[in-house]
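Undergrad: Before I ask anything, let me first share the structure, which is written out below as structure tokens.
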Amino acid sequence: MSSTASSAVGRLLPAISSLLRPPPEDELREYGGVGLVRRRRVIDVGCGDGRMALGCAPYASEVIGVDPDPEAIRLARAKARELGAANTRFKVGVAQELPFADARFDVEILSWTL
Amino acid sequence: MVDALREAHRVLRPRGLLIDARPDSRIFAYAEHRIGSGTYRPAGVIATSREELGNDRTSDRAVAAAARNRWFRSLTSGRFWHRVLFEDRPALQRYLDDHARFVHRVRWMADPARRRRWEADPWAIRRAVRYELFERI
């Protein structure tokens with residue numbers, strides 16, 4: 001399994017760190033496949049530029065991505081628009097204080113977050 | 001980190017799924033030289049930086065605390081590998097220079113003459129990722 005980093009990537013910003021991570025479908029496959037998120041309400045905490053959140057979007061009923069970096073969230077929203085991921089939303093926030101009701105989600109993803 | 005897991009417990013429904021994945025700092029990453037289409041050969045090993053080892057231990061302790069508090073129970077765990085690709089060896093070195101996760105120097109297995117010969121070839125860092133799936137109690 002490979003992910004691609006161009007040599008042009010010098011001093012990497014957190015927002016583009018997804019270039020250095022596995023493709024989301026590969027990562028989901030390792031965990032057990034897309035069945036884990038199919039028709040589920042998913043929250044991706046520390047979502048960065050939306051790599052995993054947008055990888056779950058075609059299968060999940062709803063995906064929320066949360067990241068403390070506003071620039072990463074801006075990129076994630078732009079990607080979501082580009083992909084037409086209507087079931088996906090991104091919010092600036094921190095893992096310790098999620099702005100959601102109790103028991104709101106079926107799946108939480110902490111990929112490269114803890 | 002314990003606070004993040006407490007919050008995960010709060011926003012997940014009972015029997016909901018928590019996926020925790022992070023680079024596996026317990027084992028070396030490999031600096032690999034491409035020898036053919038999609039085929040790479042290890043030419044050196046790369047250790048995790050001391051700071052990141054400390055961070056990973058803190059994460060481990062947080063996960064252990066979450067289990068002790070009966071917020072989550074482990075369902076399964078494992079490890080997979082992935083490659084980060086670089087156009088050439090200087091690009092790989094720039095990555096090491098700029099990132100905190102690894103130490104900045106490769107511990108080479110290939111001798112200097114071969115490394116010089118391979119300088120402009122494609123390289124990769126192959127690293128392990130460990131994951132654990134938990135059920136929210």
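Going through the structure tokens in order, the chains are called A, B, and so on, while each chain numbers its residues from 1 and the ligands are numbered from 1 in the order shown.
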How would you write, as a PyMOL selection string, the set of residues in chain B that DSSP gives as strand (DSSP E or B)?

TA: chain B and resi 12-23+29-36+39-46+48+72-86+102+107-108+123-136

Undergrad: Store the residues picked out above in a file with C-alpha atoms, as a PDB file, in the first residue's frame.

TA:
```
ATOM      1  CA  LEU B  12     -20.909   7.562  20.603  1.00  0.00           C
ATOM      2  CA  ARG B  13     -24.068   5.565  21.137  1.00  0.00           C
ATOM      3  CA  PRO B  14     -23.798   2.441  23.311  1.00  0.00           C
ATOM      4  CA  ARG B  15     -22.094  -0.319  21.291  1.00  0.00           C
ATOM      5  CA  GLY B  16     -20.829   2.317  18.859  1.00  0.00           C
ATOM      6  CA  LEU B  17     -17.426   1.823  17.235  1.00  0.00           C
ATOM      7  CA  LEU B  18     -14.214   3.732  17.957  1.00  0.00           C
ATOM      8  CA  ILE B  19     -11.314   3.341  15.547  1.00  0.00           C
ATOM      9  CA  ASP B  20      -7.877   4.407  16.791  1.00  0.00           C
ATOM     10  CA  ALA B  21      -5.023   4.285  14.280  1.00  0.00           C
ATOM     11  CA  ARG B  22      -1.531   5.757  14.493  1.00  0.00           C
ATOM     12  CA  PRO B  23       1.990   5.122  13.282  1.00  0.00           C
ATOM     13  CA  ALA B  29      10.385   2.323   9.419  1.00  0.00           C
ATOM     14  CA  TYR B  30      12.379   1.423   6.306  1.00  0.00           C
ATOM     15  CA  ALA B  31      14.051   3.667   3.757  1.00  0.00           C
ATOM     16  CA  GLU B  32      13.532   1.768   0.542  1.00  0.00           C
ATOM     17  CA  HIS B  33      15.047   2.110  -2.897  1.00  0.00           C
ATOM     18  CA  ARG B  34      12.869   1.331  -5.912  1.00  0.00           C
ATOM     19  CA  ILE B  35      14.254  -1.536  -7.919  1.00  0.00           C
ATOM     20  CA  GLY B  36      11.375  -1.960 -10.354  1.00  0.00           C
ATOM     21  CA  THR B  39       9.019  -3.021  -6.120  1.00  0.00           C
ATOM     22  CA  TYR B  40      11.203  -1.608  -3.383  1.00  0.00           C
ATOM     23  CA  ARG B  41      14.180  -2.939  -1.425  1.00  0.00           C
ATOM     24  CA  PRO B  42      15.096  -1.792   2.107  1.00  0.00           C
ATOM     25  CA  ALA B  43      18.319   0.210   2.174  1.00  0.00           C
ATOM     26  CA  GLY B  44      18.142   1.504   5.723  1.00  0.00           C
ATOM     27  CA  VAL B  45      16.017   1.822   8.842  1.00  0.00           C
ATOM     28  CA  ILE B  46      14.563   4.916  10.468  1.00  0.00           C
ATOM     29  CA  THR B  48      11.008   7.229  15.718  1.00  0.00           C
ATOM     30  CA  PHE B  72     -14.539   1.053  25.720  1.00  0.00           C
ATOM     31  CA  ARG B  73     -13.621  -2.554  25.216  1.00  0.00           C
ATOM     32  CA  SER B  74     -11.216  -3.750  22.558  1.00  0.00           C
ATOM     33  CA  LEU B  75     -12.724  -5.695  19.630  1.00  0.00           C
ATOM     34  CA  THR B  76      -9.683  -6.263  17.480  1.00  0.00           C
ATOM     35  CA  SER B  77      -6.277  -4.806  16.711  1.00  0.00           C
ATOM     36  CA  GLY B  78      -3.643  -5.130  14.037  1.00  0.00           C
ATOM     37  CA  ARG B  79      -0.974  -3.490  11.990  1.00  0.00           C
ATOM     38  CA  PHE B  80      -0.531  -2.595   8.342  1.00  0.00           C
ATOM     39  CA  TRP B  81       2.224  -1.013   6.303  1.00  0.00           C
ATOM     40  CA  HIS B  82       2.140   1.816   3.842  1.00  0.00           C
ATOM     41  CA  ARG B  83       4.672   3.626   1.723  1.00  0.00           C
ATOM     42  CA  VAL B  84       5.258   7.325   1.378  1.00  0.00           C
ATOM     43  CA  LEU B  85       6.894   7.831  -2.008  1.00  0.00           C
ATOM     44  CA  PHE B  86       9.657  10.279  -2.906  1.00  0.00           C
ATOM     45  CA  PHE B 102      11.338  10.294  12.811  1.00  0.00           C
ATOM     46  CA  ARG B 107      20.657   4.025   9.678  1.00  0.00           C
ATOM     47  CA  TRP B 108      21.946   2.721   6.364  1.00  0.00           C
ATOM     48  CA  TRP B 123      12.654   6.126  -2.866  1.00  0.00           C
ATOM     49  CA  ALA B 124      10.038   5.394  -0.236  1.00  0.00           C
ATOM     50  CA  ILE B 125       9.585   5.296   3.489  1.00  0.00           C
ATOM     51  CA  ARG B 126       7.644   2.192   4.455  1.00  0.00           C
ATOM     52  CA  ARG B 127       6.154   2.491   7.886  1.00  0.00           C
ATOM     53  CA  ALA B 128       3.857   0.499  10.112  1.00  0.00           C
ATOM     54  CA  VAL B 129       0.492   1.732  11.274  1.00  0.00           C
ATOM     55  CA  ARG B 130      -1.201   0.087  14.214  1.00  0.00           C
ATOM     56  CA  TYR B 131      -4.894   0.184  14.823  1.00  0.00           C
ATOM     57  CA  GLU B 132      -7.412  -0.947  17.376  1.00  0.00           C
ATOM     58  CA  LEU B 133     -11.190  -1.098  17.148  1.00  0.00           C
ATOM     59  CA  PHE B 134     -13.191  -0.549  20.331  1.00  0.00           C
ATOM     60  CA  GLU B 135     -16.805  -0.954  21.251  1.00  0.00           C
ATOM     61  CA  ARG B 136     -18.332   1.820  23.320  1.00  0.00           C
TER      62      ARG B 136
END
```

Undergrad: List as JSON, numbers by chain the protein and nucleic acid residues near segment 95-103 of chain A, meaning an atom at most 9 Å away when only C-alpha atoms are counted, but skip any in the same chain fewer than 3 places from it.

TA: {"A": [45, 46, 66, 67, 68, 106, 113], "B": [1, 2, 3, 4, 5, 6, 7, 8, 9, 10, 11, 12, 13, 14, 16]}

Undergrad: Residues as selected, N, CA and C atoms, written as a short mmCIF file (atom, residue, chain, number, x, y, z; two decimals), in the first residue's frame, can you do that?

TA:
```
data_model
loop_
_atom_site.label_atom_id
_atom_site.label_comp_id
_atom_site.auth_asym_id
_atom_site.auth_seq_id
_atom_site.Cartn_x
_atom_site.Cartn_y
_atom_site.Cartn_z
N VAL A 45 -12.55 12.65 13.94
CA VAL A 45 -11.97 13.67 14.81
C VAL A 45 -10.48 13.82 14.50
N GLY A 46 -10.06 15.05 14.23
CA GLY A 46 -8.70 15.28 13.73
C GLY A 46 -8.68 14.95 12.25
N VAL A 66 -14.08 16.93 12.15
CA VAL A 66 -13.73 18.00 13.11
C VAL A 66 -12.21 18.12 13.17
N ASP A 67 -11.73 19.35 13.12
CA ASP A 67 -10.28 19.57 13.23
C ASP A 67 -10.05 20.96 13.80
N PRO A 68 -8.99 21.12 14.61
CA PRO A 68 -8.74 22.46 15.18
C PRO A 68 -8.15 23.45 14.17
N ASP A 106 -22.55 6.72 15.45
CA ASP A 106 -22.35 5.27 15.50
C ASP A 106 -20.87 4.91 15.48
N THR A 113 -4.64 10.67 15.20
CA THR A 113 -5.12 11.77 16.03
C THR A 113 -4.62 11.69 17.46
N MET B 1 -5.42 13.62 26.26
CA MET B 1 -5.87 12.50 25.43
C MET B 1 -6.98 11.72 26.09
N VAL B 2 -6.88 11.58 27.42
CA VAL B 2 -7.97 10.90 28.13
C VAL B 2 -9.26 11.70 27.94
N ASP B 3 -9.12 13.04 27.92
CA ASP B 3 -10.30 13.88 27.72
C ASP B 3 -10.93 13.62 26.34
N ALA B 4 -10.10 13.41 25.34
CA ALA B 4 -10.62 13.13 24.00
C ALA B 4 -11.36 11.80 23.98
N LEU B 5 -10.86 10.83 24.73
CA LEU B 5 -11.53 9.52 24.77
C LEU B 5 -12.83 9.59 25.58
N ARG B 6 -12.81 10.41 26.63
CA ARG B 6 -14.05 10.59 27.40
C ARG B 6 -15.13 11.21 26.50
N GLU B 7 -14.68 12.16 25.67
CA GLU B 7 -15.62 12.83 24.75
C GLU B 7 -16.09 11.86 23.66
N ALA B 8 -15.21 10.99 23.22
CA ALA B 8 -15.62 9.96 22.25
C ALA B 8 -16.69 9.07 22.86
N HIS B 9 -16.49 8.71 24.11
CA HIS B 9 -17.48 7.89 24.82
C HIS B 9 -18.82 8.62 24.90
N ARG B 10 -18.78 9.91 25.10
CA ARG B 10 -20.02 10.68 25.24
C ARG B 10 -20.80 10.76 23.92
N VAL B 11 -20.08 11.03 22.81
CA VAL B 11 -20.81 11.27 21.54
C VAL B 11 -21.16 9.97 20.82
N LEU B 12 -20.57 8.84 21.24
CA LEU B 12 -20.91 7.56 20.60
C LEU B 12 -22.11 6.94 21.31
N ARG B 13 -22.95 6.30 20.53
CA ARG B 13 -24.07 5.56 21.14
C ARG B 13 -23.51 4.29 21.79
N PRO B 14 -24.24 3.72 22.75
CA PRO B 14 -23.80 2.44 23.31
C PRO B 14 -23.59 1.42 22.19
N GLY B 16 -21.42 1.65 20.01
CA GLY B 16 -20.83 2.32 18.86
C GLY B 16 -19.36 1.92 18.72
#
```

Undergrad: Please return, as a ChimeraX atom specification, all residues of segment 41-109 of chain B that DSSP assigns to alpha helix (DSSP H) on the basis of the backbone.

TA: /B:50-68,89-98

Undergrad: With distances taken over only C-alpha atoms, which residue among B:Arg57, B:His104, B:Arg70, B:Arg117 lies nearest chain A?

TA: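 For chain A, the nearest of the candidates is B:Arg57.
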
Undergrad: Just want the 10 Å neighbourhood of Gly48 of chain A, counted on only C-alpha atoms, with same-chain residues fewer than 3 positions away dropped. Output as a list in words.

TA: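 Within the cut-off, the hits are Pro14, Ala15, Ile16, Ser17, Ser18, Asp44, Val45, Arg51, Met52, Ala53, Gly65, Val66, Asp67, Pro68, Asp69, Pro70, Glu71, Ala72, Ile73, Arg74, Leu75, Ala76, Phe90, Ser111, Trp112 and Thr113 of chain A.
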
Undergrad: Quick check, in Å to one decimal: how far apart do atom CA of Arg61 of chain B and atom CA of Leu110 of chain A lie?

TA: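 Here the two named atoms are 15.7 Å from each other.
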
Undergrad: Please compute the atom CA of Arg115 of chain B-atom CA of Arg101 of chain B distance, one decimal, in Å.

TA: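 These atoms are spaced 23.3 Å apart.
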
Undergrad: Pick out the closest residue to chain B from this set: A:Val94, A:Ile109, A:Ala78, A:Cys47. Count only C-alpha atoms.

TA: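 Between A:Val94, A:Ile109, A:Ala78, A:Cys47, the residue approaching chain B most closely is A:Ile109.
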
Undergrad: What's around Leu36 of chain A at 10 Å? Count only C-alpha atoms, leave out sequence neighbours fewer than 6 positions away in its own chain, and write the answer as a ChimeraX atom specification.

TA: /A:28-29,42,56,59-60,106-107 /B:17,19

Undergrad: Those residues with N, CA and C atoms, as a PDB file, in the first residue's frame please?

TA:
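Output file again_22.pdb follows:
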```pdb
ATOM      1  N   LEU A  28      -9.627   1.867   5.351  1.00  0.00           N
ATOM      2  CA  LEU A  28     -10.883   1.239   5.786  1.00  0.00           C
ATOM      3  C   LEU A  28     -10.839  -0.279   5.596  1.00  0.00           C
ATOM      4  N   ARG A  29     -10.246  -0.691   4.495  1.00  0.00           N
ATOM      5  CA  ARG A  29     -10.146  -2.138   4.227  1.00  0.00           C
ATOM      6  C   ARG A  29      -9.357  -2.833   5.340  1.00  0.00           C
ATOM      7  N   VAL A  42     -21.063   8.944  11.156  1.00  0.00           N
ATOM      8  CA  VAL A  42     -19.621   8.850  11.427  1.00  0.00           C
ATOM      9  C   VAL A  42     -19.063  10.222  11.806  1.00  0.00           C
ATOM     10  N   CYS A  56     -15.187   7.955   3.707  1.00  0.00           N
ATOM     11  CA  CYS A  56     -16.363   7.273   4.293  1.00  0.00           C
ATOM     12  C   CYS A  56     -17.668   7.757   3.668  1.00  0.00           C
ATOM     13  N   TYR A  59     -20.411   5.810   1.659  1.00  0.00           N
ATOM     14  CA  TYR A  59     -21.038   4.652   2.310  1.00  0.00           C
ATOM     15  C   TYR A  59     -21.895   5.064   3.514  1.00  0.00           C
ATOM     16  N   ALA A  60     -21.442   6.074   4.241  1.00  0.00           N
ATOM     17  CA  ALA A  60     -22.096   6.448   5.501  1.00  0.00           C
ATOM     18  C   ALA A  60     -23.370   7.239   5.221  1.00  0.00           C
ATOM     19  N   ASP A 106     -22.552   6.720  15.453  1.00  0.00           N
ATOM     20  CA  ASP A 106     -22.354   5.268  15.500  1.00  0.00           C
ATOM     21  C   ASP A 106     -20.866   4.908  15.477  1.00  0.00           C
ATOM     22  N   VAL A 107     -20.087   5.737  14.803  1.00  0.00           N
ATOM     23  CA  VAL A 107     -18.654   5.432  14.613  1.00  0.00           C
ATOM     24  C   VAL A 107     -17.842   6.708  14.822  1.00  0.00           C
TER      25      VAL A 107
ATOM     26  N   LEU B  17     -18.777   2.277  17.581  1.00  0.00           N
ATOM     27  CA  LEU B  17     -17.426   1.823  17.235  1.00  0.00           C
ATOM     28  C   LEU B  17     -16.438   2.983  17.283  1.00  0.00           C
ATOM     29  N   ILE B  19     -12.496   3.814  16.272  1.00  0.00           N
ATOM     30  CA  ILE B  19     -11.314   3.341  15.547  1.00  0.00           C
ATOM     31  C   ILE B  19     -10.136   4.241  15.895  1.00  0.00           C
TER      32      ILE B  19
END
```

Undergrad: Identify which of the residues B:Ala113, B:Leu92, B:Ile27, B:Leu53 lies closest to chain A, counting only C-alpha atoms when measuring atom-to-atom distances.

TA: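 Checking each candidate against chain A, we get B:Leu92 as the closest.
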
Undergrad: Quick one: everything within 10 Å of Ser61 of chain A, counting only C-alpha atoms, minus sequence neighbours fewer than 5 positions away in the same chain. Send it as a list of chain:residue names.

TA: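 Everything that qualifies: A:Val37, A:Arg38, A:Arg39, A:Arg40, A:Arg41, A:Val42, A:Cys56, A:Asn87, A:Thr88.
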
Undergrad: How many Å lie between atom CA of Arg89 of chain A and atom CA of Glu108 of chain A, rounded to one decimal?

TA: 14.5 Å
